[in-house]
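Engineer: This structure is in C-alpha cells; I'll ask about it shortly.
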Amino acid sequence: MALPVDMAVRPALSRLCARCSISVARQNGPSNRLLQSAQQRLLHGRSSHIRQTQGSRQSILRPGNNTSADARRLVSGFPQPSFTSSRNGPEEPPKRVLAEDDLFHSFTNSPIPEIRRRAAFMRQNAYCPHPDHHSTRLPESASGQAVSATGNLPPAHVDFECPDCGIPVYCSKEHWQDDYEAHLEICDTLRQINEDDHDLRSGRFFPEFEYAGPQMEESLVNMTNWDTLLYTRGFNAINDDRSMRQATRLLTYPLTIGSILHELSPYGIQKGGRLTLEGLKSFSALRYTMHPPKSGGGSDVKGLRLEAPPVRLFILGARAESSLPRDVWVQLAHLFPMSRFHLIFIGPESMANRDDEFPLPPRTPANPFGAVAEDRVWPTMKISTIVDYYHTIHKAGHFYPYDPYFDCFVMFHPGLGHPASSHEWEETVPLLLETKAPVIVTGYTQYDMERDIDWVNKKAAGEFDILMEPGENTFRSLRWDLNDMDPQDISAGNWGVWAFRGKRYEATRKDVE
Amino acid sequence: MAGIQRSSYYDRSHRQSPALIRARRPYLVKNAILGASISAFAIGVYIYTLNVVGQDEFEDVKVPDAPMTNTPSAITQAAKK
C-alpha cells in the first residue's frame with residue numbers, strides 16, 4: 001500500500017488517527033433490512049458486513065473489519081479477521097470477547113492480540129518523553145520546548161506502562177515517577193482511549209452504528225451540537241458516553257462538511273460565529289445549489305425541471321476517510337435531500353484500507369486517472385477515488401472548469417504546515433487558490449491550524465481570503481485517538497476547522513517598465 | 001408499550017433518556033423562563049378578572065320588595081302551558 005519511502009519520509013503519517021474500519025456497509029435497501037434477522041443485524045454490528053454488490057465487485061467480507069486499521073499500520077500488514085466463519089453462516093451470533101466492565105486492560109497484557117501488537121509496536125518506535133533524553137519531538141504548541149533541549153541521555157524507546165492507563169509511556173519506572181505531573185494531564189484520556197479501543201474489539205452489538213435514514217425536507221436539522229443534530233436527524237438515542245464517542249468518531253467526517261455547507265450551519269457572520277463575509281459569499285453560492293428554490297417539479301414527465309449539476313466535493317489527501325463505510329458518507333446526502341453529490345477522494349493514499357478493491361481500474365482515455373467509481377452509493381451520491389496527487393490532475397485539466405457554485409475542496413488534517421508533510425502540499429495549494437473554490441481544512445489543534453494558515457500565507461503571498469476563522473469544530477470527534485508512534489500525542493479527529501479561498505482580482509496592476 | 005415505532009428517546013417508564021436531556025440542554029433555561037412568563041401572564045389575567053368582577057355589587061339589578069307568593073296550583077298551571 002504505502003511505499004516504504006513514504007513511511008520514512010512522513011512521520012506525519014503517525015498523526016493519522018486510528019481508523020477502525022468498521023465497515024458496516026450493510027446491504028442497502030429497506031427490503032434487505034427487513035429480511036435480515038435480528039441475529040444477523042447483531043453480527044453486522046461490528047464483526048462483519050457484506051459489501052453492497054455492485055458492478056464487478058463481488059460480495060465479500062472485508063478482512064480489516066475487526067481491527068483498527070489506521071494508515072500507519074501498513075507496516076504490520078493485514079489485520080487478521082476473526083470471524084471467517086461468518087462468510088458462510090451469517091446466522092452465527094457474534095462472540096463477546098470482553099464484558100462491559102472488563103474493558104480496561106494493560107496494552108501489553110490485553111486479551112486482544114491486535115492491541116498486544118500495538119503495544120509491541122510502541123515499544124519499538126515510540127520514545128520516552130522525559131526531559132532528560134534528547135528531545136525527539138517537535139514542539140506541539142507555540143510555547144513548546146526548544147529543539148535543542150536539555151537532555152543528556154540518548155533517546156530511549158518506551159517500555160514502562162503506566163498502571164493507571166495501561167499504555168507504555170515511559171522508558172522506565174523512574175522516569176515515569178519523575179514526570180508524573182506531566183503524565184497526569186493525559187493519563188485519564190489515555191485510559192479512556194484504552195477502554196474505547198477494547199470496547200471496539202469486545203464483540204458487542206453496536207447500536208450506535210445504526211445510522212438514521214433519509215430525512216424529509218420539511219424536518220429541519222438543528223446543528224447546535226452533536227446531541228441536537230442526532231436527535232433532529234432521527235438517530236436512535238445514544239445514551240452512553242462511550243457509544244457517543246464511538247459514533248462521532250466516524251460521523252465527524254461527513255457532518256463536519258455538512259455543518260459548514262448547510263444553510264442552518266452553526267457558523268455565521270455574527271460575532272463569535274467564525275464565518276467571515278467572504279465565507280458567507282462562498283458558502284451562499286454553494287447553498288444556492290444545495291438548497292434550490294422550489295421549481296414545481298415532480299416525478300412525471302411534466303414535472304421535469306432543469307437541475308443543477310452535482311456538487312463536487314474534492315477530498316484531498318484522503319487516507320482513511322476514503323475507506324469509511326458508505327453508510328457514513330451517505331449521511332451527508334441525507335442532510336441535503338434536494339442536492340446531488342459527487343465525492344472525489346484524491347490522494348496517493350486514497351485507497352488505504354481498501355485492499356479488496358484492488359487492482360485499480362486501468363487508465364484509459366475514458367478514465368484517464370483510473371478512478372474507482374461507486375455510483376450507486378445513494379441515488380443522489382456518487383463516490384470516486386483517484387490514487388494520484390491533486391496537482392497532477394489539476395494540471396491535466398481533468399475537472400476543469402471549477403465553479404464556486406458547485407465545487408468545494410476539503411482536506412482532513414492535511415498537516416500543511418507540519419514539517420513532515422508540507423512539502424507534499426507545495427504544488428497543490430497554489431493550484432487550489434487558482435480555482436477560487438472554497439477549501440475547508442481541518443486540524444488537530446489550534447496551533448496546528450495556525451501553523452497551516454501561516455504556511456498558506458507564505459505560499460500564497462497573502463493572496464487568499466479566510467472564509468472561516470480557525471477554531472473548535474462543533475462536530476469534532478468526541479473520541480480521542482492514540483498515535484502509536486508517540487503515545488503522548490493524542491488527537492481528536494477534526495478537532496478544529498477553518499476555510500480559505502484564493503482571492504479574486506478582477507483587474508490587477510501590471511508593473512509599468 | 002405504546003406506538004408502533006417506540007421512540008428510543010424515552011425509556012420503558014416513559015422517562016426522558018439521557019440523550020434527550022442532553023439534546024434539550026441548550027433550551028432548558030430559555031424554555032423554562034418562557035413557560036413561566038406565559039403561565040404567569042395567564043394566571044395574572046385570571047386573578048385580575050376575578051378581582052375586578054368580584055368588585056361588582058350588582059346595584060343595577062332591581063330586587064323586588066315583597067317575595068312572590070307561589071301556590072303549587074299556580075306553578076303546575078304555568079308548567080303545563
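Each chain of the C-alpha cells is named A, B, ... in the order shown, its residues numbered from 1; ligands are numbered from 1 in display order.
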Show me a table, sorted first by chain and then by increasing residue number, of the residues of chain A having an atom at most 7 Å from chain B, each with its shortest atom pair and the distance in Å to one decimal, counting only C-alpha atoms and written as a Markdown table.
Structural biologist:
| residue | atom | partner | partner_atom | distance |
| --- | --- | --- | --- | --- |
| A:Asp227 | CA | B:Ala23 | CA | 4.7 |
| A:Thr228 | CA | B:Ala23 | CA | 4.7 |
| A:Tyr231 | CA | B:Ala23 | CA | 6.8 |
| A:Asn236 | CA | B:Ser8 | CA | 5.7 |
| A:Ala237 | CA | B:Tyr9 | CA | 5.3 |
| A:Ile238 | CA | B:Ala19 | CA | 5.9 |
| A:Asn239 | CA | B:Ala19 | CA | 4.9 |
Engineer: What lies within 6 Å of Gly370 of chain A using only C-alpha atoms, ignoring chain neighbours under 6 positions off, as a ChimeraX atom specification?
Structural biologist: /A:361-363
Engineer: Taking 6 positions as the minimum chain separation for residues in the same chain, which residues sit within 9 Å of Ala99 of chain A when counting only C-alpha atoms? Answer as a PDB file with all heavy atoms, in the first residue's frame.
Structural biologist:
ATOM      1  N   ASP A 199     -13.237  -1.677  23.868  1.00  0.00           N
ATOM      2  CA  ASP A 199     -14.679  -1.751  23.639  1.00  0.00           C
ATOM      3  C   ASP A 199     -14.979  -2.038  22.173  1.00  0.00           C
ATOM      4  O   ASP A 199     -15.867  -2.808  21.837  1.00  0.00           O
ATOM      5  CB  ASP A 199     -15.302  -0.410  24.040  1.00  0.00           C
ATOM      6  CG  ASP A 199     -16.781  -0.394  23.821  1.00  0.00           C
ATOM      7  OD1 ASP A 199     -17.457  -1.308  24.320  1.00  0.00           O
ATOM      8  OD2 ASP A 199     -17.261   0.523  23.138  1.00  0.00           O
ATOM      9  N   SER A 202     -14.554  -5.590  21.550  1.00  0.00           N
ATOM     10  CA  SER A 202     -15.112  -6.505  22.541  1.00  0.00           C
ATOM     11  C   SER A 202     -16.154  -7.427  21.948  1.00  0.00           C
ATOM     12  O   SER A 202     -16.617  -8.333  22.621  1.00  0.00           O
ATOM     13  CB  SER A 202     -15.752  -5.696  23.671  1.00  0.00           C
ATOM     14  OG  SER A 202     -16.839  -4.967  23.146  1.00  0.00           O
ATOM     15  N   ARG A 204     -19.201  -6.635  21.060  1.00  0.00           N
ATOM     16  CA  ARG A 204     -20.587  -6.388  21.463  1.00  0.00           C
ATOM     17  C   ARG A 204     -21.389  -5.905  20.260  1.00  0.00           C
ATOM     18  O   ARG A 204     -20.861  -5.651  19.197  1.00  0.00           O
ATOM     19  CB  ARG A 204     -20.633  -5.335  22.565  1.00  0.00           C
ATOM     20  CG  ARG A 204     -20.275  -3.928  22.107  1.00  0.00           C
ATOM     21  CD  ARG A 204     -20.444  -2.951  23.268  1.00  0.00           C
ATOM     22  NE  ARG A 204     -19.903  -1.660  22.950  1.00  0.00           N
ATOM     23  CZ  ARG A 204     -20.619  -0.627  22.543  1.00  0.00           C
ATOM     24  NH1 ARG A 204     -21.909  -0.739  22.380  1.00  0.00           N
ATOM     25  NH2 ARG A 204     -20.049   0.529  22.294  1.00  0.00           N
TER      26      ARG A 204
END
Engineer: Can you list, as a JSON list (two decimals) with N, CA, C and O atoms, in the first residue's frame, every residue of chain B that DSSP puts in helix (DSSP H, G or I)?
Structural biologist:
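Below is the file part-v7.json, written as the result:
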[["chain", "number", "residue", "atom", "x", "y", "z"],
["B", 18, "PRO", "N", -31.21, 9.97, 28.78],
["B", 18, "PRO", "CA", -30.12, 10.97, 28.88],
["B", 18, "PRO", "C", -29.85, 11.67, 27.57],
["B", 18, "PRO", "O", -29.50, 12.85, 27.55],
["B", 19, "ALA", "N", -30.02, 10.94, 26.46],
["B", 19, "ALA", "CA", -29.75, 11.57, 25.16],
["B", 19, "ALA", "C", -30.72, 12.73, 24.93],
["B", 19, "ALA", "O", -30.32, 13.78, 24.42],
["B", 20, "LEU", "N", -31.96, 12.53, 25.32],
["B", 20, "LEU", "CA", -32.93, 13.60, 25.10],
["B", 20, "LEU", "C", -32.66, 14.78, 26.00],
["B", 20, "LEU", "O", -32.76, 15.94, 25.58],
["B", 21, "ILE", "N", -32.27, 14.49, 27.23],
["B", 21, "ILE", "CA", -31.99, 15.61, 28.14],
["B", 21, "ILE", "C", -30.79, 16.40, 27.64],
["B", 21, "ILE", "O", -30.78, 17.63, 27.67],
["B", 22, "ARG", "N", -29.78, 15.67, 27.13],
["B", 22, "ARG", "CA", -28.62, 16.38, 26.57],
["B", 22, "ARG", "C", -29.03, 17.22, 25.38],
["B", 22, "ARG", "O", -28.53, 18.33, 25.19],
["B", 23, "ALA", "N", -29.92, 16.69, 24.55],
["B", 23, "ALA", "CA", -30.33, 17.45, 23.37],
["B", 23, "ALA", "C", -31.12, 18.68, 23.77],
["B", 23, "ALA", "O", -31.11, 19.70, 23.07],
["B", 24, "ARG", "N", -31.82, 18.60, 24.88],
["B", 24, "ARG", "CA", -32.65, 19.73, 25.30],
["B", 24, "ARG", "C", -31.86, 20.78, 26.06],
["B", 24, "ARG", "O", -32.36, 21.88, 26.29],
["B", 25, "ARG", "N", -30.65, 20.44, 26.47],
["B", 25, "ARG", "CA", -29.94, 21.35, 27.39],
["B", 25, "ARG", "C", -29.78, 22.77, 26.90],
["B", 25, "ARG", "O", -29.90, 23.68, 27.71],
["B", 26, "PRO", "N", -29.48, 23.02, 25.63],
["B", 26, "PRO", "CA", -29.32, 24.43, 25.25],
["B", 26, "PRO", "C", -30.60, 25.23, 25.42],
["B", 26, "PRO", "O", -30.56, 26.45, 25.45],
["B", 27, "TYR", "N", -31.73, 24.55, 25.51],
["B", 27, "TYR", "CA", -33.00, 25.27, 25.52],
["B", 27, "TYR", "C", -33.73, 25.20, 26.84],
["B", 27, "TYR", "O", -34.75, 25.85, 27.00],
["B", 28, "LEU", "N", -33.24, 24.43, 27.79],
["B", 28, "LEU", "CA", -33.98, 24.23, 29.04],
["B", 28, "LEU", "C", -34.28, 25.53, 29.77],
["B", 28, "LEU", "O", -35.42, 25.80, 30.15],
["B", 29, "VAL", "N", -33.24, 26.33, 29.95],
["B", 29, "VAL", "CA", -33.42, 27.55, 30.74],
["B", 29, "VAL", "C", -34.34, 28.51, 30.01],
["B", 29, "VAL", "O", -35.28, 29.08, 30.59],
["B", 30, "LYS", "N", -34.09, 28.69, 28.71],
["B", 30, "LYS", "CA", -34.91, 29.64, 27.95],
["B", 30, "LYS", "C", -36.36, 29.18, 27.93],
["B", 30, "LYS", "O", -37.28, 30.00, 28.07],
["B", 31, "ASN", "N", -36.57, 27.87, 27.74],
["B", 31, "ASN", "CA", -37.94, 27.36, 27.73],
["B", 31, "ASN", "C", -38.60, 27.55, 29.08],
["B", 31, "ASN", "O", -39.79, 27.89, 29.16],
["B", 32, "ALA", "N", -37.86, 27.29, 30.15],
["B", 32, "ALA", "CA", -38.44, 27.42, 31.48],
["B", 32, "ALA", "C", -38.86, 28.86, 31.73],
["B", 32, "ALA", "O", -39.97, 29.11, 32.25],
["B", 33, "ILE", "N", -38.01, 29.79, 31.33],
["B", 33, "ILE", "CA", -38.35, 31.20, 31.56],
["B", 33, "ILE", "C", -39.58, 31.58, 30.74],
["B", 33, "ILE", "O", -40.52, 32.23, 31.23],
["B", 34, "LEU", "N", -39.58, 31.13, 29.47],
["B", 34, "LEU", "CA", -40.72, 31.47, 28.61],
["B", 34, "LEU", "C", -42.01, 30.85, 29.15],
["B", 34, "LEU", "O", -43.05, 31.51, 29.20],
["B", 35, "GLY", "N", -41.91, 29.58, 29.56],
["B", 35, "GLY", "CA", -43.10, 28.91, 30.10],
["B", 35, "GLY", "C", -43.60, 29.60, 31.35],
["B", 35, "GLY", "O", -44.81, 29.81, 31.53],
["B", 36, "ALA", "N", -42.66, 29.96, 32.21],
["B", 36, "ALA", "CA", -43.06, 30.63, 33.45],
["B", 36, "ALA", "C", -43.72, 31.96, 33.15],
["B", 36, "ALA", "O", -44.74, 32.32, 33.76],
["B", 37, "SER", "N", -43.19, 32.69, 32.19],
["B", 37, "SER", "CA", -43.78, 34.01, 31.92],
["B", 37, "SER", "C", -45.16, 33.88, 31.29],
["B", 37, "SER", "O", -46.07, 34.64, 31.60],
["B", 38, "ILE", "N", -45.33, 32.91, 30.40],
["B", 38, "ILE", "CA", -46.65, 32.75, 29.79],
["B", 38, "ILE", "C", -47.69, 32.33, 30.81],
["B", 38, "ILE", "O", -48.81, 32.86, 30.86],
["B", 39, "SER", "N", -47.31, 31.38, 31.68],
["B", 39, "SER", "CA", -48.30, 30.96, 32.68],
["B", 39, "SER", "C", -48.54, 32.06, 33.70],
["B", 39, "SER", "O", -49.67, 32.23, 34.17],
["B", 40, "ALA", "N", -47.51, 32.83, 33.99],
["B", 40, "ALA", "CA", -47.72, 33.96, 34.91],
["B", 40, "ALA", "C", -48.71, 34.94, 34.29],
["B", 40, "ALA", "O", -49.59, 35.47, 34.97],
["B", 41, "PHE", "N", -48.56, 35.17, 33.00],
["B", 41, "PHE", "CA", -49.49, 36.07, 32.31],
["B", 41, "PHE", "C", -50.91, 35.52, 32.37],
["B", 41, "PHE", "O", -51.87, 36.24, 32.68],
["B", 42, "ALA", "N", -51.08, 34.23, 32.09],
["B", 42, "ALA", "CA", -52.42, 33.64, 32.09],
["B", 42, "ALA", "C", -53.04, 33.73, 33.48],
["B", 42, "ALA", "O", -54.21, 34.11, 33.64],
["B", 43, "ILE", "N", -52.25, 33.37, 34.47],
["B", 43, "ILE", "CA", -52.76, 33.41, 35.84],
["B", 43, "ILE", "C", -53.07, 34.84, 36.24],
["B", 43, "ILE", "O", -54.07, 35.14, 36.91],
["B", 44, "GLY", "N", -52.22, 35.75, 35.78],
["B", 44, "GLY", "CA", -52.45, 37.15, 36.10],
["B", 44, "GLY", "C", -53.77, 37.64, 35.53],
["B", 44, "GLY", "O", -54.52, 38.38, 36.17],
["B", 45, "VAL", "N", -54.04, 37.22, 34.29],
["B", 45, "VAL", "CA", -55.32, 37.62, 33.68],
["B", 45, "VAL", "C", -56.48, 37.08, 34.49],
["B", 45, "VAL", "O", -57.47, 37.80, 34.76],
["B", 46, "TYR", "N", -56.39, 35.83, 34.91],
["B", 46, "TYR", "CA", -57.46, 35.25, 35.73],
["B", 46, "TYR", "C", -57.65, 36.04, 37.03],
["B", 46, "TYR", "O", -58.76, 36.40, 37.41],
["B", 47, "ILE", "N", -56.53, 36.30, 37.72],
["B", 47, "ILE", "CA", -56.62, 36.98, 39.01],
["B", 47, "ILE", "C", -57.24, 38.36, 38.84],
["B", 47, "ILE", "O", -58.14, 38.78, 39.57],
["B", 48, "TYR", "N", -56.76, 39.06, 37.81],
["B", 48, "TYR", "CA", -57.29, 40.41, 37.57],
["B", 48, "TYR", "C", -58.77, 40.34, 37.28],
["B", 48, "TYR", "O", -59.58, 41.08, 37.86],
["B", 49, "THR", "N", -59.16, 39.45, 36.38],
["B", 49, "THR", "CA", -60.56, 39.37, 36.00],
["B", 49, "THR", "C", -61.43, 39.04, 37.21],
["B", 49, "THR", "O", -62.45, 39.67, 37.46],
["B", 50, "LEU", "N", -60.99, 38.04, 37.96],
["B", 50, "LEU", "CA", -61.81, 37.63, 39.12],
["B", 50, "LEU", "C", -61.90, 38.77, 40.12],
["B", 50, "LEU", "O", -62.97, 39.02, 40.71],
["B", 51, "ASN", "N", -60.81, 39.47, 40.32],
["B", 51, "ASN", "CA", -60.86, 40.60, 41.26],
["B", 51, "ASN", "C", -61.81, 41.67, 40.78],
["B", 51, "ASN", "O", -62.66, 42.15, 41.52],
["B", 52, "VAL", "N", -61.66, 42.04, 39.51],
["B", 52, "VAL", "CA", -62.49, 43.15, 39.02],
["B", 52, "VAL", "C", -63.95, 42.76, 38.99],
["B", 52, "VAL", "O", -64.82, 43.53, 39.38],
["B", 53, "VAL", "N", -64.23, 41.56, 38.54],
["B", 53, "VAL", "CA", -65.63, 41.14, 38.50],
["B", 53, "VAL", "C", -66.15, 40.98, 39.92],
["B", 53, "VAL", "O", -67.33, 41.26, 40.20],
["B", 54, "GLY", "N", -65.33, 40.58, 40.85],
["B", 54, "GLY", "CA", -65.77, 40.42, 42.22],
["B", 54, "GLY", "C", -66.14, 41.73, 42.89],
["B", 54, "GLY", "O", -66.88, 41.75, 43.86],
["B", 72, "PRO", "N", -98.77, 26.00, 44.86],
["B", 72, "PRO", "CA", -98.45, 24.86, 43.99],
["B", 72, "PRO", "C", -99.31, 24.80, 42.74],
["B", 72, "PRO", "O", -98.83, 24.46, 41.67],
["B", 73, "SER", "N", -100.65, 25.13, 42.81],
["B", 73, "SER", "CA", -101.51, 25.07, 41.62],
["B", 73, "SER", "C", -101.07, 26.08, 40.59],
["B", 73, "SER", "O", -101.07, 25.81, 39.40],
["B", 74, "ALA", "N", -100.67, 27.26, 41.01],
["B", 74, "ALA", "CA", -100.23, 28.28, 40.06],
["B", 74, "ALA", "C", -98.99, 27.80, 39.30],
["B", 74, "ALA", "O", -98.84, 27.99, 38.10],
["B", 75, "ILE", "N", -98.13, 27.09, 40.01],
["B", 75, "ILE", "CA", -96.88, 26.63, 39.38],
["B", 75, "ILE", "C", -97.17, 25.55, 38.35],
["B", 75, "ILE", "O", -96.66, 25.59, 37.24],
["B", 76, "THR", "N", -98.02, 24.55, 38.73],
["B", 76, "THR", "CA", -98.31, 23.46, 37.78],
["B", 76, "THR", "C", -99.05, 23.99, 36.58],
["B", 76, "THR", "O", -98.79, 23.55, 35.46],
["B", 77, "GLN", "N", -99.96, 24.95, 36.77],
["B", 77, "GLN", "CA", -100.66, 25.54, 35.61],
["B", 77, "GLN", "C", -99.68, 26.24, 34.69],
["B", 77, "GLN", "O", -99.71, 26.09, 33.48],
["B", 78, "ALA", "N", -98.77, 26.93, 35.26],
["B", 78, "ALA", "CA", -97.76, 27.62, 34.43],
["B", 78, "ALA", "C", -96.88, 26.62, 33.70],
["B", 78, "ALA", "O", -96.53, 26.80, 32.55],
["B", 79, "ALA", "N", -96.57, 25.47, 34.37],
["B", 79, "ALA", "CA", -95.71, 24.45, 33.74],
["B", 79, "ALA", "C", -96.41, 23.79, 32.56],
["B", 79, "ALA", "O", -95.79, 23.49, 31.55],
["B", 80, "LYS", "N", -97.75, 23.55, 32.68],
["B", 80, "LYS", "CA", -98.47, 22.87, 31.58],
["B", 80, "LYS", "C", -98.44, 23.70, 30.32],
["B", 80, "LYS", "O", -98.37, 23.19, 29.23]]
Engineer: Please provide as a list in words all residues within 9 Å of Phe341 of chain A, with the sequence filter that same-chain residues fewer than 2 positions apart are discarded (counting only C-alpha atoms).
Structural biologist: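 Everything that qualifies: Pro309, Pro310, Val311, Arg312, Leu313, Leu332, Ala333, Ser339, Leu343, Thr380, Met381, Lys382 and Ile383 of chain A.
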Engineer: Any chance you could export the current selection's C-alpha atoms as a short mmCIF file (atom, residue, chain, number, x, y, z; two decimals), in the first residue's frame?
Structural biologist:
data_model
loop_
_atom_site.label_atom_id
_atom_site.label_comp_id
_atom_site.auth_asym_id
_atom_site.auth_seq_id
_atom_site.Cartn_x
_atom_site.Cartn_y
_atom_site.Cartn_z
CA PRO A 309 -25.15 19.57 -11.73
CA PRO A 310 -23.99 17.63 -8.70
CA VAL A 311 -21.94 19.43 -6.09
CA ARG A 312 -18.39 18.17 -6.34
CA LEU A 313 -16.56 17.74 -3.08
CA LEU A 332 -24.03 13.90 4.00
CA ALA A 333 -26.52 13.16 1.25
CA SER A 339 -28.98 18.17 -3.92
CA LEU A 343 -17.42 12.92 -3.62
CA THR A 380 -28.03 11.32 -5.06
CA MET A 381 -24.47 10.46 -4.26
CA LYS A 382 -21.57 9.14 -6.24
CA ILE A 383 -18.09 8.49 -4.89
#
